[in-house]
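**Q** Just protein.cif, nothing more (mmCIF, C-alpha atoms and all ligand atoms):
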data_data
#
loop_
_atom_site.label_atom_id
_atom_site.label_comp_id
_atom_site.auth_asym_id
_atom_site.auth_seq_id
_atom_site.Cartn_x
_atom_site.Cartn_y
_atom_site.Cartn_z
CA MET N 1 6.52 -16.98 -2.47
CA VAL N 2 9.03 -14.72 -4.13
CA SER N 3 12.33 -14.24 -2.39
CA ALA N 4 12.55 -10.94 -0.54
CA LYS N 5 16.33 -10.88 -0.80
CA PRO N 6 17.42 -7.71 -2.56
CA ILE N 7 18.74 -8.20 -6.07
CA TYR N 8 21.15 -5.51 -7.21
CA VAL N 9 20.70 -4.08 -10.68
CA LEU N 10 22.90 -1.79 -12.70
CA LEU N 11 21.09 1.47 -13.38
CA GLY N 12 23.60 3.24 -15.56
CA LYS N 13 27.07 4.60 -15.92
CA SER N 14 28.07 7.94 -14.49
CA LEU N 15 28.47 10.59 -17.16
CA ASN N 16 30.86 12.56 -14.98
CA PRO N 17 34.12 12.41 -16.99
CA GLY N 18 36.24 12.57 -13.83
CA ARG N 19 34.48 9.51 -12.44
CA ALA N 20 33.89 7.56 -15.60
CA ASN N 21 34.04 4.21 -13.88
CA VAL N 22 31.41 4.94 -11.28
CA PHE N 23 28.31 2.81 -11.69
CA TRP N 24 25.05 3.32 -9.91
CA TRP N 25 23.44 0.37 -8.27
CA ARG N 26 20.29 -0.02 -6.27
CA PRO N 27 18.58 -2.98 -4.61
CA LEU N 28 15.66 -4.34 -6.57
CA SER N 29 12.92 -6.10 -4.66
CA ARG N 30 10.21 -7.97 -6.47
CA GLN N 31 7.73 -7.25 -3.69
CA ALA N 32 6.34 -3.95 -2.45
CA VAL N 33 4.04 -3.23 0.46
CA LEU N 34 1.11 -0.94 -0.37
CA VAL N 35 -0.31 0.84 2.68
CA VAL N 36 -3.83 1.86 1.75
CA ASP N 37 -5.65 4.76 3.42
CA MET N 38 -4.30 4.43 6.96
CA LEU N 39 -5.48 8.01 7.43
CA LYS N 40 -6.90 9.93 10.36
CA ASP N 41 -10.26 10.38 8.61
CA PHE N 42 -10.69 6.59 8.31
CA ILE N 43 -9.44 5.53 11.71
CA LYS N 44 -12.05 7.29 13.77
CA PRO N 45 -15.45 6.72 15.36
CA GLY N 46 -18.11 6.38 12.70
CA PHE N 47 -15.88 4.45 10.30
CA ILE N 48 -13.17 2.30 11.89
CA PRO N 49 -12.83 3.30 15.56
CA PRO N 50 -9.26 3.40 16.95
CA GLU N 51 -9.99 0.49 19.31
CA ARG N 52 -11.09 -1.68 16.39
CA ALA N 53 -8.00 -0.68 14.38
CA SER N 54 -5.38 -0.95 17.13
CA GLU N 55 -4.30 -4.56 16.46
CA THR N 56 -4.29 -3.89 12.70
CA ILE N 57 -2.03 -0.86 13.19
CA LYS N 58 0.38 -2.90 15.32
CA ALA N 59 0.51 -5.71 12.75
CA ILE N 60 1.11 -3.24 9.91
CA SER N 61 3.83 -1.53 11.94
CA ARG N 62 5.65 -4.86 12.46
CA LEU N 63 5.34 -5.74 8.78
CA LEU N 64 6.67 -2.34 7.64
CA LYS N 65 9.63 -2.67 9.99
CA ARG N 66 10.51 -6.02 8.42
CA ALA N 67 9.97 -4.69 4.89
CA ARG N 68 12.22 -1.66 5.40
CA ALA N 69 14.91 -3.83 6.97
CA ARG N 70 14.87 -6.12 3.92
CA GLY N 71 14.83 -3.34 1.34
CA VAL N 72 11.25 -4.08 0.29
CA PRO N 73 9.71 -0.80 -0.93
CA VAL N 74 6.89 0.67 1.16
CA VAL N 75 4.34 2.66 -0.82
CA TYR N 76 1.63 4.65 0.95
CA VAL N 77 -1.46 4.92 -1.20
CA CYS N 78 -3.57 7.68 0.27
CA ASP N 79 -6.89 9.33 -0.43
CA SER N 80 -6.23 12.99 -1.18
CA HIS N 81 -9.47 14.57 -2.32
CA LEU N 82 -10.30 17.92 -3.81
CA PRO N 83 -12.64 20.04 -1.63
CA ASP N 84 -15.53 19.29 -4.00
CA ASP N 85 -14.32 15.90 -5.18
CA GLY N 86 -16.69 13.81 -7.28
CA GLU N 87 -16.45 11.02 -4.70
CA PHE N 88 -18.42 13.19 -2.29
CA ARG N 89 -21.56 12.64 -4.34
CA LEU N 90 -21.65 9.22 -2.70
CA TRP N 91 -19.66 9.68 0.51
CA PRO N 92 -19.39 12.34 3.19
CA ARG N 93 -16.36 14.61 2.81
CA HIS N 94 -13.15 12.90 3.91
CA ALA N 95 -9.39 13.06 3.43
CA VAL N 96 -9.43 16.45 1.73
CA ARG N 97 -5.94 17.32 0.52
CA GLY N 98 -4.09 19.52 3.03
CA THR N 99 -6.38 18.75 5.97
CA GLU N 100 -5.41 16.80 9.08
CA GLY N 101 -7.85 14.04 8.16
CA ALA N 102 -5.81 13.27 5.04
CA GLU N 103 -2.69 12.57 7.13
CA VAL N 104 -1.41 9.06 7.87
CA VAL N 105 -2.10 7.99 11.47
CA GLU N 106 0.73 8.86 13.87
CA GLU N 107 1.77 5.23 14.51
CA LEU N 108 2.46 4.57 10.82
CA LYS N 109 3.98 7.80 9.52
CA PRO N 110 5.97 7.35 6.29
CA GLN N 111 9.71 7.20 6.81
CA GLU N 112 12.63 8.29 4.70
CA GLY N 113 12.84 6.12 1.61
CA ASP N 114 9.11 5.31 1.55
CA TYR N 115 6.90 6.45 -1.31
CA VAL N 116 3.58 8.27 -1.13
CA VAL N 117 1.01 8.08 -3.94
CA ARG N 118 -2.07 10.29 -3.73
CA LYS N 119 -5.35 9.04 -5.14
CA ARG N 120 -8.88 10.38 -5.58
CA ARG N 121 -10.73 7.13 -6.14
CA TYR N 122 -10.86 3.74 -4.38
CA SER N 123 -8.09 2.17 -6.43
CA GLY N 124 -4.50 3.20 -5.86
CA PHE N 125 -3.91 2.76 -9.59
CA TYR N 126 -6.72 4.95 -10.92
CA GLY N 127 -5.39 8.31 -12.16
CA THR N 128 -2.04 7.90 -10.32
CA ASP N 129 1.53 6.92 -11.17
CA LEU N 130 1.48 3.83 -8.93
CA ASP N 131 1.86 1.38 -11.83
CA LEU N 132 4.82 3.33 -13.25
CA LEU N 133 6.46 3.46 -9.82
CA LEU N 134 6.05 -0.28 -9.21
CA ARG N 135 7.44 -1.10 -12.66
CA GLU N 136 10.43 1.16 -12.11
CA LEU N 137 11.03 -0.66 -8.84
CA GLY N 138 10.83 -4.02 -10.62
CA VAL N 139 7.89 -5.14 -8.51
CA ASP N 140 5.77 -8.13 -9.54
CA THR N 141 4.04 -8.86 -6.22
CA VAL N 142 2.09 -6.37 -4.13
CA VAL N 143 1.42 -6.96 -0.45
CA ILE N 144 -1.64 -4.85 0.29
CA VAL N 145 -2.44 -3.66 3.82
CA GLY N 146 -4.75 -0.98 5.23
CA VAL N 147 -8.42 -0.05 5.04
CA ALA N 148 -11.08 -0.69 4.08
CA THR N 149 -10.80 -4.34 3.09
CA HIS N 150 -13.97 -4.32 0.97
CA ILE N 151 -13.47 -0.88 -0.66
CA CYS N 152 -10.05 0.68 -1.33
CA VAL N 153 -7.99 -2.43 -0.50
CA LEU N 154 -10.25 -4.51 -2.74
CA HIS N 155 -10.25 -2.09 -5.68
CA THR N 156 -6.48 -1.64 -5.46
CA ALA N 157 -6.14 -5.45 -5.45
CA ALA N 158 -8.44 -5.64 -8.49
CA ASP N 159 -6.37 -3.14 -10.48
CA ALA N 160 -3.14 -4.87 -9.43
CA TYR N 161 -4.54 -8.21 -10.64
CA PHE N 162 -5.70 -6.69 -13.95
CA ARG N 163 -2.15 -5.40 -14.53
CA GLY N 164 -0.56 -8.78 -13.89
CA TYR N 165 0.77 -8.30 -10.36
CA ARG N 166 0.48 -11.09 -7.84
CA VAL N 167 -1.60 -9.99 -4.86
CA VAL N 168 -0.91 -10.86 -1.23
CA VAL N 169 -3.20 -9.69 1.58
CA PRO N 170 -2.03 -10.28 5.16
CA ARG N 171 -5.34 -10.83 6.91
CA ASP N 172 -4.25 -9.24 10.20
CA CYS N 173 -3.09 -6.07 8.39
CA VAL N 174 -6.43 -5.08 6.84
CA ASN N 175 -9.67 -3.96 8.43
CA ALA N 176 -13.16 -2.65 7.71
CA PRO N 177 -16.01 -1.11 9.70
CA SER N 178 -17.46 -4.58 10.40
CA ASP N 179 -16.24 -8.18 10.55
CA GLU N 180 -18.74 -9.01 7.83
CA ASP N 181 -17.30 -6.42 5.41
CA ASN N 182 -13.78 -7.52 6.28
CA GLU N 183 -14.43 -11.22 5.70
CA TRP N 184 -16.42 -10.59 2.53
CA GLY N 185 -13.58 -8.48 1.09
CA LEU N 186 -10.95 -11.09 1.92
CA ARG N 187 -12.98 -13.92 0.39
CA TYR N 188 -13.70 -11.92 -2.75
CA MET N 189 -10.03 -11.02 -3.32
CA GLU N 190 -9.05 -14.64 -2.77
CA ARG N 191 -11.60 -15.97 -5.25
CA MET N 192 -11.57 -13.28 -7.93
CA TYR N 193 -7.96 -12.09 -7.96
CA GLY N 194 -6.23 -15.21 -6.68
CA ALA N 195 -4.97 -13.20 -3.71
CA LEU N 196 -2.83 -15.07 -1.22
CA VAL N 197 -4.53 -14.37 2.12
CA LYS N 198 -2.56 -15.36 5.19
CA GLY N 199 -1.19 -14.03 8.47
CA SER N 200 1.53 -11.38 8.19
CA GLU N 201 3.94 -13.43 10.31
CA GLU N 202 3.79 -16.23 7.73
CA LEU N 203 4.91 -13.98 4.87
CA GLU N 204 8.43 -14.05 3.51
CA ILE N 205 9.16 -10.38 4.04
ZN ZN T 301 -12.14 8.68 -0.73
#
Show how you would write the structure in this file as structure tokens.

**A**
Amino acid sequence: MVSAKPIYVLLGKSLNPGRANVFWWRPLSRQAVLVVDMLKDFIKPGFIPPERASETIKAISRLLKRARARGVPVVYVCDSHLPDDGEFRLWPRHAVRGTEGAEVVEELKPQEGDYVVRKRRYSGFYGTDLDLLLRELGVDTVVIVGVATHICVLHTAADAYFRGYRVVVPRDCVNAPSDEDNEWGLRYMERMYGALVKGSEELEI
């Protein structure tokens, strides 16, 4: 596993003539946590009921706390659909931009310093600036959490793998409408994308 210790990189020299010797530094982590679709429209009866998601939410919350404390970037990757989005040809309307359903669940609200990337398809990379953001942050390993394991988590993992990122999926931090979908998604990501699937407490974050 990659060290989560922050590495400091020099970003550039101040151009302010009065402070010519000021340099800008920022911590550079090689890991980032991607929080996929932990939105009110997904954590509800009919998709993933709150009681099914409660342990997942707690595990994600603990992981995010550790990540923020270690300077590991936290990136929320959230469905944010147009009112007549093309995705609604296949799915009922959900997570329409500006509606309450498109908001992150209360327990996991983004905090200062976190990033939010809005998407309109399953993958967090498709039609978004997620790849650019991760490269600017110097990330080479993505730790993917959220829902649903076999849909948006899986397609985000696929696109991460295609782009050369290492993929880690903490099994207690993802969920799906059924155990079958959840297990299938985990197995597929392990086999096809070489994802490291293990408990969140075992991760070096
Ligand atoms: Zn969607």

**Q** Hey, what's within 12 Å of Val153 (chain N) if we count only C-alpha atoms and toss same-chain stuff fewer than 3 positions away? As a ChimeraX atom specification, please?

**A** /N:34-38,77-79,121-125,142-150,156-160,167-171,173-176,181-182,185-186,188-189,195

**Q** With the cut-off set at 8 Å and counting all atoms listed in the file, tabulate each residue of chain N with an atom at most that distance from an atom of ligand ZN 301 (chain T), showing the nearest atom pair and its distance in Å to one decimal, ordered by chain and increasing number, as a tab-separated table.

**A**
residue	atom	partner	partner_atom	distance
N:Asp79	CA	T:ZN301	ZN	5.3
N:Ser80	CA	T:ZN301	ZN	7.3
N:His81	CA	T:ZN301	ZN	6.7
N:Glu87	CA	T:ZN301	ZN	6.3
N:Phe88	CA	T:ZN301	ZN	7.9
N:Trp91	CA	T:ZN301	ZN	7.7
N:His94	CA	T:ZN301	ZN	6.4
N:Ala95	CA	T:ZN301	ZN	6.6
N:Arg120	CA	T:ZN301	ZN	6.1
N:Arg121	CA	T:ZN301	ZN	5.8
N:Tyr122	CA	T:ZN301	ZN	6.3

**Q** Output C-alpha atoms of each residue in that selection to a file, as an mmCIF file, in the coordinates of the input.

**A**
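out-v2.cif, written as the output of this step:
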data_model
loop_
_atom_site.group_PDB
_atom_site.id
_atom_site.type_symbol
_atom_site.label_atom_id
_atom_site.label_comp_id
_atom_site.auth_asym_id
_atom_site.auth_seq_id
_atom_site.Cartn_x
_atom_site.Cartn_y
_atom_site.Cartn_z
ATOM 1 C CA ASP N 79 -6.890 9.330 -0.430
ATOM 2 C CA SER N 80 -6.230 12.990 -1.180
ATOM 3 C CA HIS N 81 -9.470 14.570 -2.320
ATOM 4 C CA GLU N 87 -16.450 11.020 -4.700
ATOM 5 C CA PHE N 88 -18.420 13.190 -2.290
ATOM 6 C CA TRP N 91 -19.660 9.680 0.510
ATOM 7 C CA HIS N 94 -13.150 12.900 3.910
ATOM 8 C CA ALA N 95 -9.390 13.060 3.430
ATOM 9 C CA ARG N 120 -8.880 10.380 -5.580
ATOM 10 C CA ARG N 121 -10.730 7.130 -6.140
ATOM 11 C CA TYR N 122 -10.860 3.740 -4.380
#

**Q** Ranking N:Asp114, N:Pro177, N:Leu64, N:Gln31 by minimum distance to Pro49 (chain N) and counting all atoms listed in the file, which one comes first?

**A** N:Pro177

**Q** Could you check the closest approach to Glu204 (chain N) for each of N:Leu63, N:Asp140, N:Trp184, N:Phe42 and tell me which residue wins, using only C-alpha atoms?

**A** N:Leu63

**Q** Can you tell me how far CA of Glu190 (chain N) sits from CA of Lys119 (chain N), in Å to one decimal?

**A** 24.1 Å

**Q** Just to confirm, what's the straight-line distance from CA of Glu106 (chain N) to CA of Lys44 (chain N) in Å (one decimal)?

**A** 12.9 Å

**Q** Can you work out the spacing between CA of Pro50 (chain N) and CA of Tyr115 (chain N) in Å, to one decimal?

**A**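 One can read the CA of Pro50 (chain N) to CA of Tyr115 (chain N) distance as 24.6 Å.
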
**Q** From the set N:Asp131, N:Glu183, N:Asp84, N:Asp41, which residue has the shortest atom-to-atom contact distance to Tyr161 (chain N), counting all atoms listed in the file?

**A**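 Ranking N:Asp131, N:Glu183, N:Asp84, N:Asp41 by distance to Tyr161 (chain N), first place goes to N:Asp131.
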
**Q** Which residue, N:Val105, N:Pro45, N:Arg163, N:Leu154, has the smallest gap to Arg135 (chain N) when you use all atoms listed in the file?

**A**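 Residue with the minimum atom-to-atom distance to Arg135 (chain N): N:Arg163.
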
**Q** With only C-alpha atoms as the atoms that count, which of N:Arg30, N:Ile48, N:Tyr76, N:Asp172 lies nearest to Arg62 (chain N)?

**A**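 Of all the options, N:Asp172 lies closest to Arg62 (chain N).
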
**Q** Counting only C-alpha atoms, which of N:Arg68, N:Lys109, N:Arg166, N:Arg191 gets nearest to Leu39 (chain N)?

**A**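 Smallest separation from Leu39 (chain N) among the options: N:Lys109.
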